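Remarks on the structure that follows.
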Amino acid sequence: MTIDWILLIEFLVKAIISSLVLLTGFAYMTYAERKVAAALQTRIGPNRAGPFGLLQPAADGIKIIFKEEFVPAGADKLMFHLAPVITVIPALIILAVVPWGPPVAVPWRPKGDLMPLGFADLNVGMLYILSVASIAVYGIVLAGWSSNNKYAMMGGIRATAQMVSYELTLGLSVIGPLMLAGSMSMGDIVNAQRGLWYVALQPVGALLFYIAALAEVNRAPFDMPEAEQELTAGYHTEYSGIKFTLFFMAEYIKMIGVSAIFVTLFMGGWHGPLVDQIPWLGLLYFWLKIGGSLVFMIVLRSTHPRLRYDRLMSFGWKALIPIALANILVTAAALISLPLMWGVIAVLVVIVSIIVVANWRRSSTAPAGAQRMRA
């Protein structure tokens with residue numbers, strides 16, 4: 001068995017570039033969040049470290065390296081040290097099956113042998129993403145449990161319940177694009193959107209995926225596991241220094257990850273004008289779409305208050321999951337070419353969705369005494 005050294009070096013270079021892009025993206029996401037939030041609130045934001053404050057992430061990184069780390073006396077030290085690693089690794093490897101652009105010609109490959117802008121196009125790519133995303137739950141619950149702190153433990157339990165609940169909606173919301181493309185390969189899904197992006201065919205699925213993704217990465221208004229007014233800081237209360245930074249890093253890298261998956265499933269991936277003539281433009285379009293999603297997440301955090309925890313959980317179970325199931329029903333009806341039945345079902349789904357959301361709002365806003373009486 002001979003080793004293709006060119007292919008091996010190619011994969012190593014891709015891995016290094018991917019890691020650098022995600023780590024740099026994490027650093028400058030903190031800068032972007034502060035700048036966008038400052039603009040929304042008529043403030044200046046970071047402007048001291050470097051021109052326009054562009055060196056602020058570097059200054060923060062240098063500072064955090066020298067911060068002292070504390071480990072609680074009663075903590076399970078092995079799990080305490082391991083939990084941040086378990087949380088951050090899935091965020092770094094989840095994009096392994098996402099195509100960053102179309103195949104391109106490179107000088108070190110034979111003529112006609114195009115290099116894919118991605119690591120691996122698995123035929124079960126979506127299953128890989130869902131399985132890797134679920135691993136981060138273990139890191140968060142272990143962080144809360146191993147800290148020997150009741151507030152951290154409550155934060156870990158909250159985060160686990162929230163992430164497991166919204167993973168159901170996340171999994172159901174991706175079934176629509178998988179059915180339309182007829183494949184679980186992320187490359188096939190992108191290629192199937194050459195003429196029309198799936199956000200036009202699956203607007204409900206796209207909305208459900210985005211909401212569930214926000215809850216999955218604990219972003220506002222779904223950041224209840226970190227509700228500092230109730231739990232001090234949540235599952236990472238006892239963490240400091242580099243270990244706290246790993247949790248911080250995981251959240252921001254997962255923001256990039258879920259945005260990339262959303263763009264791939266619903267926004268055409270790397271498709272855009274002139275990509276057929278200039279394939280490298282696909283890489284630019286892909287990251288521009290991701291940037292738009294990230295800015296939208298920052299705007300949401302700056303403009304929307306977090307949900308009360310019981311309302312957050314009931315919203316996932318009583319509203320999102322029934323609507324996701326109805327969306328799958330409509331998609332299946334459309335795919336078996338029954339236009340009249342599809343129209344009738346679509347109307348019924350809209351009515352059911354309105355009733356479900358209205359019932360959820362009524363039940364979640366009723367006084368506690370009234371809820372007990374109904375129960």
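Numbering starts fresh at 1 for the residues of each chain in the structure tokens, the chains themselves are lettered A, B, ... in the order given, and ligands are numbered from 1 as they appear.
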Distance query Lys14 (chain A) at most 9 Å, only C-alpha atoms, self and fewer than 5 positions along chain excluded, as a compact mmCIF listing (two decimals) with N, CA and C atoms, in the first residue's frame:
# COMPACT_ATOMS: atom_id res chain seq x y z
N ILE A 9 -0.42 15.71 2.50
CA ILE A 9 -0.03 17.09 2.78
C ILE A 9 -1.21 18.04 2.55
N SER A 19 -8.38 25.07 11.28
CA SER A 19 -8.20 25.38 12.70
C SER A 19 -7.89 26.85 12.90
N LEU A 117 -12.96 21.83 -1.90
CA LEU A 117 -12.72 22.77 -0.81
C LEU A 117 -13.48 22.29 0.42
N GLY A 118 -12.96 21.26 1.02
CA GLY A 118 -13.56 20.65 2.19
C GLY A 118 -12.76 19.42 2.56
N PHE A 119 -13.09 18.80 3.66
CA PHE A 119 -12.33 17.63 4.12
C PHE A 119 -12.90 16.34 3.53
query = Leaving out region 286-291 of chain A and any residue of its chain fewer than 2 positions from it, which residues lie within 8 Å of it when counting only C-alpha atoms, given as a ChimeraX atom specification?
reply = /A:100-101,256,259-260,263,267,269-271,282-284,293-295
message = Residues within 12 Å of Ile253 (chain A), please, as a ChimeraX atom specification. Count only C-alpha atoms; anything in the same chain fewer than 4 positions from it doesn't count.
response = /A:18-30,87-95,217,245-249,257-260,290,294
For the residues in the current selection, export C-alpha atoms as an mmCIF file, in the first residue's frame.
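Generated output (out.cif):
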data_model
loop_
_atom_site.group_PDB
_atom_site.id
_atom_site.type_symbol
_atom_site.label_atom_id
_atom_site.label_comp_id
_atom_site.auth_asym_id
_atom_site.auth_seq_id
_atom_site.Cartn_x
_atom_site.Cartn_y
_atom_site.Cartn_z
ATOM 1 C CA SER A 18 -9.468 25.251 9.104
ATOM 2 C CA SER A 19 -8.205 25.379 12.699
ATOM 3 C CA LEU A 20 -6.643 28.815 12.186
ATOM 4 C CA VAL A 21 -9.809 30.153 10.564
ATOM 5 C CA LEU A 22 -12.017 28.909 13.409
ATOM 6 C CA LEU A 23 -9.667 30.095 16.167
ATOM 7 C CA THR A 24 -9.198 33.490 14.509
ATOM 8 C CA GLY A 25 -12.937 33.627 13.902
ATOM 9 C CA PHE A 26 -13.544 33.010 17.602
ATOM 10 C CA ALA A 27 -11.190 35.841 18.562
ATOM 11 C CA TYR A 28 -12.683 38.353 16.171
ATOM 12 C CA MET A 29 -16.252 37.287 16.917
ATOM 13 C CA THR A 30 -15.709 38.764 20.386
ATOM 14 C CA THR A 87 -16.966 20.901 24.932
ATOM 15 C CA VAL A 88 -14.560 22.587 22.530
ATOM 16 C CA ILE A 89 -13.421 19.615 20.390
ATOM 17 C CA PRO A 90 -16.861 18.943 18.784
ATOM 18 C CA ALA A 91 -17.040 22.634 17.839
ATOM 19 C CA LEU A 92 -13.711 22.332 15.999
ATOM 20 C CA ILE A 93 -14.490 19.128 14.068
ATOM 21 C CA ILE A 94 -18.166 19.614 13.205
ATOM 22 C CA LEU A 95 -17.351 21.392 9.915
ATOM 23 C CA VAL A 217 -25.324 26.982 21.411
ATOM 24 C CA THR A 245 -11.738 30.547 27.751
ATOM 25 C CA LEU A 246 -12.309 27.084 26.273
ATOM 26 C CA PHE A 247 -16.028 27.288 27.141
ATOM 27 C CA PHE A 248 -16.106 30.801 25.731
ATOM 28 C CA MET A 249 -14.288 29.572 22.612
ATOM 29 C CA GLY A 257 -20.473 26.046 12.915
ATOM 30 C CA VAL A 258 -24.272 26.243 13.087
ATOM 31 C CA SER A 259 -24.233 29.258 10.745
ATOM 32 C CA ALA A 260 -22.189 27.237 8.233
ATOM 33 C CA ILE A 290 -21.966 32.990 7.407
ATOM 34 C CA LEU A 294 -23.340 35.858 12.799
#
inquiry  = For Leu335 (chain A), find every residue with an atom within 9 Å (counting only C-alpha atoms), except residues of its own chain fewer than 4 positions away, and show them as a list in words.
reply    =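 Everything that qualifies: Met179, Leu180, Val330 and Thr331 of chain A.
Using only C-alpha atoms for every distance, the candidate list A:Val141, A:Ile261, A:Met153, A:Met255 yields A:Ile261 as the residue closest to Ile129 (chain A).
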task = Going by DSSP on the backbone, which bits of region 34-72 of chain A are alpha helix (DSSP H)? Write them as a ChimeraX atom specification, please.
result = /A:34-40,56-65
Best match for closeness to Lys318 (chain A) among A:Leu274, A:Ile242, A:Ile44, A:Thr169, counting only C-alpha atoms =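 Under the stated criterion, the closest residue is A:Thr169.
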inquiry  = Show me, as a PyMOL selection string, the residues that have an atom within 12 Å of Asp188 (chain A) when counting only C-alpha atoms, minus same-chain residues fewer than 3 positions from it.
reply    = chain A and resi 97-99+102+121-126+177-185+191-194+264-265+268-269
Could the residues in this selection be saved with C-alpha atoms as a PDB file, in the first residue's frame?
ATOM      1  CA  VAL A  97     -18.200  17.415   6.231  1.00  0.00           C
ATOM      2  CA  VAL A  98     -19.307  20.913   5.175  1.00  0.00           C
ATOM      3  CA  PRO A  99     -18.126  21.995   1.676  1.00  0.00           C
ATOM      4  CA  PRO A 102     -16.837  24.156  -5.302  1.00  0.00           C
ATOM      5  CA  ASP A 121     -18.058  14.487   1.629  1.00  0.00           C
ATOM      6  CA  LEU A 122     -19.582  11.639   3.626  1.00  0.00           C
ATOM      7  CA  ASN A 123     -22.767  10.034   2.344  1.00  0.00           C
ATOM      8  CA  VAL A 124     -24.052  10.318   5.938  1.00  0.00           C
ATOM      9  CA  GLY A 125     -22.728  13.835   6.540  1.00  0.00           C
ATOM     10  CA  MET A 126     -25.864  15.061   8.319  1.00  0.00           C
ATOM     11  CA  PRO A 177     -33.775  19.487   3.006  1.00  0.00           C
ATOM     12  CA  LEU A 178     -32.695  15.835   3.223  1.00  0.00           C
ATOM     13  CA  MET A 179     -35.967  14.727   1.614  1.00  0.00           C
ATOM     14  CA  LEU A 180     -35.727  17.365  -1.123  1.00  0.00           C
ATOM     15  CA  ALA A 181     -32.108  16.497  -1.965  1.00  0.00           C
ATOM     16  CA  GLY A 182     -32.604  12.764  -1.562  1.00  0.00           C
ATOM     17  CA  SER A 183     -29.278  12.487   0.223  1.00  0.00           C
ATOM     18  CA  MET A 184     -27.593  13.071   3.576  1.00  0.00           C
ATOM     19  CA  SER A 185     -24.392  14.224   1.890  1.00  0.00           C
ATOM     20  CA  ASN A 191     -25.556  20.869  -5.493  1.00  0.00           C
ATOM     21  CA  ALA A 192     -29.338  20.328  -5.362  1.00  0.00           C
ATOM     22  CA  GLN A 193     -29.767  24.060  -4.582  1.00  0.00           C
ATOM     23  CA  ARG A 194     -28.089  25.216  -7.799  1.00  0.00           C
ATOM     24  CA  THR A 264     -25.320  24.768   3.577  1.00  0.00           C
ATOM     25  CA  LEU A 265     -28.813  23.379   4.197  1.00  0.00           C
ATOM     26  CA  GLY A 268     -27.391  27.407  -1.172  1.00  0.00           C
ATOM     27  CA  GLY A 269     -24.001  26.922   0.462  1.00  0.00           C
TER      28      GLY A 269
END
request  = May I have the residues within 7 Å of region 68-73 of chain A as a list in words, using only C-alpha atoms and disregarding those fewer than 6 positions away in the same chain?
outcome  =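 The residues satisfying every condition are Ser147, Ser240 and Gly241 of chain A.
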Using only C-alpha atoms, find each residue of region 36-82 of chain A with at least one atom at most 10 Å away from an atom of region 303-308 of chain A; report its shortest atom-to-atom pair and that distance in Å (one decimal), sort the rows by chain and rising residue number, and return the result as JSON lines.
{"residue": "A:Ala37", "atom": "CA", "partner": "A:Thr303", "partner_atom": "CA", "distance": 9.1}
{"residue": "A:Leu40", "atom": "CA", "partner": "A:Thr303", "partner_atom": "CA", "distance": 8.6}
{"residue": "A:Gln41", "atom": "CA", "partner": "A:Thr303", "partner_atom": "CA", "distance": 9.6}
Output N, CA and C atoms for every residue in the selection just made, as a CSV table (one decimal), in the first residue's frame.
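Now in selection36.csv:
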chain,number,residue,atom,x,y,z
A,37,ALA,N,-22.8,45.5,19.1
A,37,ALA,CA,-23.6,45.9,20.2
A,37,ALA,C,-23.4,47.4,20.5
A,40,LEU,N,-25.3,49.5,18.0
A,40,LEU,CA,-26.8,49.5,18.3
A,40,LEU,C,-27.1,50.3,19.5
A,41,GLN,N,-26.2,50.4,20.5
A,41,GLN,CA,-26.5,51.2,21.7
A,41,GLN,C,-25.8,52.6,21.7
remark   = Between A:Phe11, A:Tyr239, A:Phe244, A:Phe266, smallest distance to Leu201 (chain A) by only C-alpha atoms belongs to A:Phe266
inquiry  = as a list in words, please: the residues near Ile298 (chain A) (cut-off 10 Å, only C-alpha atoms, same-chain neighbours under 6 positions excluded).
reply    =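 Neighbouring residues, sequence-local ones excluded: Met29, Ala32, Glu33, Arg34, Lys35, Val36, Ala37, Arg219 and Ala220 of chain A.
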Output file for the residues above (C-alpha atoms, as a compact mmCIF listing (two decimals), in the first residue's frame):
# COMPACT_ATOMS: atom_id res chain seq x y z
CA MET A 29 -16.25 37.29 16.92
CA ALA A 32 -17.47 41.97 16.28
CA GLU A 33 -19.96 41.35 19.09
CA ARG A 34 -18.68 44.33 21.08
CA LYS A 35 -18.57 46.57 18.02
CA VAL A 36 -22.04 45.68 16.71
CA ALA A 37 -23.57 45.92 20.20
CA ARG A 219 -27.15 32.10 22.62
CA ALA A 220 -29.59 34.82 23.66
ask   = CA of Ser173 (chain A) to CA of Tyr285 (chain A): how many Å, to one decimal?
value = 23.9 Å
ask   = Which one is closest to Asn148 (chain A): A:Phe209, A:Trp197, A:Phe80, A:Tyr128? Count only C-alpha atoms.
value =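 Between A:Phe209, A:Trp197, A:Phe80, A:Tyr128, the residue approaching Asn148 (chain A) most closely is A:Phe80.
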